[in-house]
file final-v3.txt (compact mmCIF, C-alpha atoms)
# COMPACT_ATOMS: atom_id res chain seq x y z
CA MET A 1 100.86 66.50 -13.90
CA ARG A 2 98.00 68.18 -12.02
CA GLU A 3 98.67 70.01 -8.76
CA ASN A 4 96.33 67.63 -6.92
CA ASP A 5 97.70 64.49 -8.54
CA GLY A 6 97.78 61.71 -5.92
CA ARG A 7 101.15 60.46 -7.14
CA GLN A 8 102.74 63.49 -5.50
CA LEU A 9 101.61 62.29 -2.04
CA SER A 10 103.53 60.01 0.29
CA HIS A 11 102.51 56.38 0.78
CA ALA A 12 101.41 57.09 4.36
CA THR A 13 99.18 59.95 3.18
CA LEU A 14 97.60 57.85 0.42
CA GLU A 15 96.93 55.06 2.91
CA GLU A 16 95.04 57.45 5.21
CA ILE A 17 93.06 58.88 2.26
CA ARG A 18 91.96 55.39 1.15
CA ILE A 19 90.82 54.40 4.63
CA ARG A 20 88.93 57.65 5.25
CA ALA A 21 87.26 57.53 1.82
CA VAL A 22 85.96 53.99 2.35
CA ARG A 23 84.68 54.85 5.84
CA ARG A 24 82.81 57.89 4.45
CA VAL A 25 81.14 55.71 1.81
CA GLU A 26 80.22 53.13 4.46
CA ALA A 27 78.74 55.98 6.50
CA GLY A 28 76.31 56.73 3.68
CA GLU A 29 78.02 59.28 1.42
CA SER A 30 78.00 58.89 -2.35
CA PRO A 31 81.18 57.23 -3.67
CA GLU A 32 81.39 59.70 -6.54
CA ASP A 33 80.97 62.70 -4.24
CA VAL A 34 83.69 61.38 -1.94
CA ILE A 35 86.19 60.73 -4.72
CA ARG A 36 85.42 64.08 -6.36
CA THR A 37 86.23 66.00 -3.18
CA LEU A 38 89.52 64.10 -2.86
CA GLY A 39 90.56 64.89 -6.43
CA PHE A 40 91.01 61.29 -7.63
CA SER A 41 89.52 59.58 -10.70
CA ARG A 42 86.00 58.11 -10.49
CA ALA A 43 87.17 54.51 -10.90
CA ARG A 44 89.59 54.77 -7.98
CA ILE A 45 86.93 54.74 -5.26
CA TYR A 46 85.43 51.52 -6.57
CA GLU A 47 88.84 49.86 -6.59
CA TRP A 48 89.27 50.83 -2.93
CA LEU A 49 85.81 49.58 -2.01
CA ALA A 50 86.43 46.26 -3.76
CA ALA A 51 89.74 45.82 -1.94
CA TRP A 52 88.13 46.66 1.41
CA ARG A 53 85.28 44.17 0.94
CA GLU A 54 87.75 41.44 0.05
CA GLY A 55 90.51 42.05 2.61
CA GLY A 56 89.23 44.63 5.10
CA ILE A 57 91.19 47.67 6.27
CA GLU A 58 94.53 45.84 5.90
CA ALA A 59 93.95 45.65 2.13
CA LEU A 60 93.98 49.46 2.00
CA ARG A 61 97.26 49.92 3.83
CA ALA A 62 100.46 50.91 2.00
CA LYS A 63 102.64 48.01 0.92
CA ALA A 64 106.41 48.02 1.00
CA ILE A 65 108.07 48.64 -2.36
CA PRO A 66 111.10 46.34 -2.47
CA GLY A 67 112.66 47.77 -5.61
CA ARG A 68 115.42 45.99 -7.46
CA PRO A 69 117.00 43.23 -5.34
CA MET A 70 120.55 43.91 -4.16
CA LYS A 71 123.35 42.16 -6.01
CA LEU A 72 125.49 41.88 -2.87
CA SER A 73 124.46 40.08 0.29
CA SER A 74 124.92 41.62 3.73
CA ASP A 75 127.97 39.39 4.29
CA ALA A 76 129.50 40.61 1.02
CA ILE A 77 128.90 44.24 1.94
CA ARG A 78 130.46 43.63 5.37
CA PHE A 79 133.49 42.06 3.66
CA VAL A 80 133.90 45.10 1.38
CA TYR A 81 133.74 47.52 4.32
CA GLN A 82 136.23 45.58 6.46
CA THR A 83 138.62 45.13 3.55
CA VAL A 84 138.63 48.77 2.48
CA THR A 85 138.99 50.10 6.04
CA THR A 86 141.53 47.64 7.42
CA LYS A 87 143.65 46.40 4.51
CA ASN A 88 145.94 47.80 1.86
CA PRO A 89 145.06 46.86 -1.76
CA MET A 90 148.51 45.36 -2.16
CA GLN A 91 147.64 42.89 0.62
CA MET A 92 144.83 41.71 -1.67
CA LYS A 93 147.37 41.21 -4.48
CA PHE A 94 146.46 44.38 -6.35
CA GLU A 95 149.06 46.48 -8.13
CA PHE A 96 148.42 49.83 -6.42
CA ALA A 97 148.16 50.88 -2.78
CA LEU A 98 145.06 53.12 -3.01
CA TRP A 99 141.45 52.01 -2.86
CA THR A 100 139.77 53.52 -5.93
CA ARG A 101 136.25 52.77 -7.15
CA ASP A 102 137.70 50.68 -9.95
CA MET A 103 139.83 48.76 -7.44
CA VAL A 104 136.83 48.04 -5.21
CA ARG A 105 134.82 47.01 -8.26
CA GLU A 106 137.54 44.51 -9.16
CA LEU A 107 137.59 43.24 -5.55
CA ILE A 108 133.84 42.58 -5.70
CA ARG A 109 134.12 40.87 -9.08
CA GLU A 110 136.94 38.55 -7.94
CA HIS A 111 135.35 37.50 -4.64
CA PHE A 112 131.64 37.44 -5.48
CA ASP A 113 131.50 37.29 -9.29
CA VAL A 114 129.29 40.39 -9.30
CA ARG A 115 129.86 43.17 -11.83
CA LEU A 116 129.05 46.72 -10.73
CA SER A 117 129.62 50.05 -12.44
CA GLU A 118 131.96 52.62 -10.90
CA VAL A 119 128.94 54.78 -10.08
CA SER A 120 127.29 51.90 -8.21
CA VAL A 121 130.50 51.18 -6.32
CA GLY A 122 130.80 54.86 -5.33
CA ARG A 123 127.17 54.87 -4.15
CA LEU A 124 127.81 51.71 -2.10
CA LEU A 125 130.93 53.14 -0.47
CA ARG A 126 129.13 56.35 0.50
CA LYS A 127 126.27 54.35 2.02
CA LEU A 128 128.89 52.58 4.12
CA GLY A 129 130.06 55.94 5.47
CA LEU A 130 133.24 56.11 3.37
CA SER A 131 134.52 59.02 1.30
CA PRO A 132 137.50 59.62 -1.04
CA GLN A 133 140.34 61.24 0.92
CA ARG A 134 143.96 62.16 0.35
CA PRO A 135 145.98 59.62 2.40
CA LEU A 136 148.88 60.40 4.69
CA ALA A 137 152.12 58.69 3.71
CA ARG A 138 153.72 56.60 6.45
CA ALA A 139 157.03 54.74 6.17
CA TYR A 140 156.61 51.00 6.61
CA GLN A 141 159.69 51.04 8.90
CA ARG A 142 157.79 53.24 11.37
CA ASP A 143 157.14 51.63 14.78
CA PRO A 144 153.60 52.62 15.89
CA GLU A 145 154.19 51.43 19.46
CA LEU A 146 157.36 53.52 19.76
CA VAL A 147 155.53 56.57 18.37
CA GLU A 148 152.66 56.07 20.81
CA SER A 149 155.11 55.68 23.70
CA TRP A 150 156.91 58.89 22.71
CA MET A 151 153.67 60.88 22.56
CA ARG A 152 152.24 59.41 25.77
CA GLU A 153 155.36 59.25 27.96
CA GLU A 154 158.56 60.77 26.57
CA TYR A 155 157.27 64.11 25.27
CA PRO A 156 155.19 64.86 28.42
CA ALA A 157 158.33 64.10 30.44
CA ILE A 158 160.31 66.58 28.29
CA VAL A 159 157.64 69.23 28.88
CA ARG A 160 157.72 68.67 32.64
CA GLN A 161 161.50 68.82 32.71
CA ALA A 162 161.52 72.04 30.65
CA LYS A 163 158.96 73.61 32.98
CA CYS A 164 161.05 72.77 36.02
CA CYS A 165 164.15 74.50 34.70
CA GLY A 166 162.36 77.27 32.77
CA ALA A 167 163.61 76.04 29.39
CA HIS A 168 162.17 76.67 25.93
CA ILE A 169 161.34 73.69 23.70
CA PHE A 170 162.16 73.96 19.99
CA PHE A 171 161.55 71.48 17.17
CA VAL A 172 164.16 71.82 14.44
CA ASP A 173 163.99 70.83 10.78
CA GLU A 174 165.45 71.79 7.42
CA SER A 175 163.91 72.05 3.98
CA THR A 176 164.39 73.29 0.43
CA VAL A 177 162.05 75.55 -1.55
CA ARG A 178 162.38 75.31 -5.33
CA SER A 179 161.30 77.77 -7.96
CA ASP A 180 159.49 75.13 -10.03
CA TYR A 181 157.09 74.09 -7.25
CA HIS A 182 153.49 75.13 -7.96
CA SER A 183 150.21 74.54 -6.17
CA GLY A 184 146.65 75.79 -6.07
CA THR A 185 144.08 76.66 -8.74
CA THR A 186 142.87 79.81 -10.51
CA TRP A 187 139.56 80.81 -12.11
CA ALA A 188 139.32 80.78 -15.90
CA PRO A 189 136.70 80.29 -18.65
CA VAL A 190 135.40 76.74 -18.94
CA GLY A 191 137.44 74.70 -21.40
CA LYS A 192 140.36 77.16 -21.49
CA THR A 193 143.28 76.12 -19.31
CA PRO A 194 144.93 79.24 -17.88
CA VAL A 195 148.67 79.84 -18.29
CA VAL A 196 150.84 81.49 -15.63
CA GLU A 197 154.21 82.59 -16.94
CA VAL A 198 157.12 81.59 -14.71
CA THR A 199 160.80 81.01 -15.27
CA GLY A 200 162.07 77.81 -16.83
CA ALA A 201 165.27 78.07 -14.79
CA ARG A 202 165.52 76.10 -11.58
CA PHE A 203 166.88 77.62 -8.42
CA LYS A 204 166.25 77.02 -4.74
CA VAL A 205 166.60 78.33 -1.22
CA ASN A 206 167.88 76.04 1.52
CA LEU A 207 166.31 76.66 4.89
CA ILE A 208 166.62 75.58 8.49
CA SER A 209 164.29 76.64 11.28
CA ALA A 210 163.20 75.88 14.81
CA VAL A 211 159.66 76.36 16.08
CA SER A 212 158.39 76.18 19.65
CA PRO A 213 155.05 74.69 20.76
CA ARG A 214 153.89 78.29 21.33
CA GLY A 215 154.71 79.34 17.78
CA GLN A 216 158.05 81.08 18.25
CA LEU A 217 160.04 80.75 15.01
CA ARG A 218 163.76 81.02 14.37
CA PHE A 219 165.13 80.51 10.87
CA MET A 220 168.24 80.73 8.72
CA CYS A 221 169.04 80.40 5.01
CA PHE A 222 172.17 78.60 3.89
CA GLU A 223 173.92 77.68 0.65
CA GLY A 224 174.94 74.24 -0.46
CA SER A 225 173.94 70.97 1.17
CA PHE A 226 172.94 70.52 4.80
CA LYS A 227 176.16 69.76 6.69
CA ILE A 228 177.39 69.63 10.26
CA ALA A 229 178.88 73.14 10.14
CA VAL A 230 175.53 74.60 9.05
CA TYR A 231 173.62 72.87 11.81
CA VAL A 232 176.11 73.79 14.53
CA ASP A 233 176.08 77.42 13.36
CA PHE A 234 172.28 77.54 13.51
CA VAL A 235 172.15 76.03 17.01
CA ARG A 236 174.82 78.46 18.23
CA ARG A 237 172.72 81.36 16.94
CA LEU A 238 169.65 79.86 18.61
CA MET A 239 171.51 79.72 21.93
CA LEU A 240 172.94 83.22 21.48
CA ASN A 241 169.49 84.82 21.39
CA ALA A 242 168.05 82.72 24.23
CA ASP A 243 168.05 83.79 27.86
CA THR A 244 166.84 80.37 29.08
CA PRO A 245 167.97 76.78 28.47
CA ILE A 246 166.92 75.24 25.13
CA PHE A 247 165.46 71.77 24.72
CA LEU A 248 166.06 70.95 21.06
CA ILE A 249 164.01 68.13 19.51
CA ALA A 250 165.12 66.80 16.11
CA ASP A 251 164.67 63.75 13.92
CA GLY A 252 167.29 61.05 13.43
CA HIS A 253 169.21 62.73 10.61
CA PRO A 254 172.94 61.92 10.97
CA VAL A 255 173.80 65.62 11.18
CA HIS A 256 171.39 66.05 14.11
CA ARG A 257 173.19 63.27 15.97
CA CYS A 258 176.73 64.24 15.03
CA LYS A 259 179.58 64.39 17.54
CA ALA A 260 179.99 68.16 17.13
CA ILE A 261 176.43 68.97 18.24
CA ARG A 262 176.68 66.55 21.16
CA GLN A 263 179.91 68.20 22.22
CA LEU A 264 178.26 71.61 21.93
CA ALA A 265 175.49 70.45 24.26
CA ALA A 266 177.99 68.98 26.72
CA GLU A 267 179.96 72.22 26.83
CA SER A 268 176.90 74.50 27.04
CA ASP A 269 176.81 74.47 30.85
CA GLY A 270 173.17 73.34 30.90
CA ARG A 271 171.98 75.74 28.18
CA LEU A 272 171.34 73.07 25.51
CA PHE A 273 169.68 69.67 25.81
CA LEU A 274 169.17 67.33 22.86
CA PHE A 275 166.16 65.05 22.28
CA PHE A 276 165.19 62.94 19.29
CA LEU A 277 161.94 61.90 17.64
CA PRO A 278 161.13 58.26 16.87
CA ALA A 279 162.41 57.08 13.50
CA TYR A 280 160.29 57.80 10.41
CA SER A 281 157.90 60.12 12.27
CA PRO A 282 158.00 63.52 10.53
CA ASP A 283 154.36 64.12 11.48
CA LEU A 284 155.46 64.58 15.12
CA ASN A 285 157.55 67.60 14.17
CA PRO A 286 155.44 70.82 13.96
CA ASP A 287 158.22 72.44 11.93
CA GLU A 288 157.09 70.22 9.04
CA LEU A 289 153.77 72.08 9.11
CA VAL A 290 155.60 75.39 8.73
CA TRP A 291 157.37 74.21 5.58
CA GLY A 292 154.21 72.60 4.25
CA TYR A 293 152.26 75.83 4.67
CA LEU A 294 155.06 77.85 3.10
CA LYS A 295 155.23 75.61 0.02
CA HIS A 296 151.53 74.91 -0.59
CA HIS A 297 149.95 78.23 0.41
CA LYS A 298 152.66 80.81 -0.23
CA ILE A 299 155.58 79.97 -2.54
CA GLY A 300 153.56 77.53 -4.65
CA LYS A 301 151.07 80.29 -5.60
CA LEU A 302 153.66 82.84 -6.78
CA ALA A 303 154.79 83.47 -10.35
CA ILE A 304 158.51 83.22 -9.59
CA LYS A 305 160.80 84.53 -12.34
CA VAL A 306 164.07 85.29 -10.53
CA GLN A 307 165.71 83.98 -7.38
CA ASP A 308 165.36 87.33 -5.61
CA ILE A 309 161.55 86.90 -5.65
CA LEU A 310 161.89 83.46 -4.05
CA SER A 311 164.28 84.66 -1.35
CA SER A 312 162.21 87.77 -0.65
CA ALA A 313 158.98 85.78 -0.38
CA PHE A 314 160.57 83.39 2.08
CA GLY A 315 161.95 86.20 4.21
CA GLN A 316 158.59 87.99 4.33
CA PHE A 317 156.78 84.79 5.24
CA CYS A 318 159.14 83.96 8.11
CA ALA A 319 159.06 87.55 9.37
CA ARG A 320 155.26 87.46 9.52
CA CYS A 321 155.38 84.10 11.27
CA ARG A 322 157.76 85.44 13.90
CA LYS A 323 155.59 88.51 14.44
CA SER A 324 152.30 86.59 14.69
CA ARG A 325 153.83 83.46 16.26
CA LEU A 326 152.26 81.39 13.47

call {"tool": "encode", "arguments": {"input": "final-v3.txt", "output": "structure tokens"}}
result
Amino acid sequence: MRENDGRQLSHATLEEIRIRAVRRVEAGESPEDVIRTLGFSRARIYEWLAAWREGGIEALRAKAIPGRPMKLSSDAIRFVYQTVTTKNPMQMKFEFALWTRDMVRELIREHFDVRLSEVSVGRLLRKLGLSPQRPLARAYQRDPELVESWMREEYPAIVRQAKCCGAHIFFVDESTVRSDYHSGTTWAPVGKTPVVEVTGARFKVNLISAVSPRGQLRFMCFEGSFKIAVYVDFVRRLMLNADTPIFLIADGHPVHRCKAIRQLAAESDGRLFLFFLPAYSPDLNPDELVWGYLKHHKIGKLAIKVQDILSSAFGQFCARCRKSRL
């Protein structure tokens, strides 16, 4: 293709060239001289002149290029957008709960008898402002109104109460880190899957921690299952190192609501106050973020071979968190 090929120009530019060329010819210039200076073929100027004499200037203007007609109407596209953004696939009697391109393609086929490729469906979804994302899991038993009320009313009231009495707020949670948990990626030659040697044995570290809204972290390791004695011991240690009252916020785990911890709060002489999150709302607990970061960005990227490496890695992580306040 030549550098001055007209097909490289926009439709608006070509329209202006056609109009100016015809006007120059009508002003007395030679058609062949005009077309030669513009870099187009000799026959092109006569086509433009013929069009102008038949339809005037409007015949020289650029015409819309409709392209291939759309298979889906505007109502169908609106239906797809509203369905994907407001409904779960299982509500539409599909087997899975995630909207994939194949699932949307099947939705379009069932409702409009139109068959699209996965690529076309992906292009349509992106034009609608949608993108593939990793969803957040939410328990169906969760009460959105209760969660909203806790965030808007209850938690601000806890903050105000803590400020009045100079207390520290802590969110408490427990977790388990296993040696066989892995995350992340590594660079390797194309087509050759890398191998990281780890132990085939399974061992774990049980953890409990409390984190404040300002990033203060307190933690403890324990053996065996999470029981009342473990929780009471951790809270006692938390109170022992505190010079101000503690407002402890926990989820609805039975151990968190046990009689022993309530009795400890009642006998603390105003040093311990207990509060609870709405049911099935782990996302309201910032301590979950601590464990998530530990697993996905620290422990999950190590080549763990013995339990000492796991325990040491956890201790170093928590020590850095305490020093930097997360």

call {"tool": "residues_around", "arguments": {"input": "final-v3.txt", "residues": "Glu174 in chain A", "least_positions_apart": "2", "cutoff": "9 Å", "atoms": "all atoms listed in the file", "output": "list in words"}}
result
Val172, Thr176, Asn206, Leu207, Ile208, Ser209, Ala210, Phe226, Asp287, Glu288 and Trp291 of chain A

call {"tool": "closest_residue", "arguments": {"input": "final-v3.txt", "among": "A:Gly292, A:Leu107, A:Cys258, A:Asp75", "to": "Met90 in chain A", "atoms": "all atoms listed in the file"}}
result
A:Leu107

call {"tool": "atom_distance", "arguments": {"input": "final-v3.txt", "atom1": "CA of Glu145 in chain A", "atom2": "CA of Asp283 in chain A"}}
result
15.0 Å

call {"tool": "residues_near_point", "arguments": {"input": "final-v3.txt", "point": "(161.6, 77.4, 18.5)", "cutoff": "9 Å", "atoms": "only C-alpha atoms", "output": "PyMOL selection string"}}
result
chain A and resi 168-172+209-219+238+246+248+287

call {"tool": "atom_distance", "arguments": {"input": "final-v3.txt", "atom1": "CA of Lys127 in chain A", "atom2": "CA of Thr13 in chain A"}}
result
27.7 Å

call {"tool": "atom_distance", "arguments": {"input": "final-v3.txt", "atom1": "CA of Glu47 in chain A", "atom2": "CA of Arg18 in chain A"}}
result
10.0 Å

call {"tool": "closest_residue", "arguments": {"input": "final-v3.txt", "among": "A:Thr244, A:Ser281, A:Ser30, A:Asn88", "to": "Gln141 in chain A", "atoms": "all atoms listed in the file"}}
result
A:Ser281
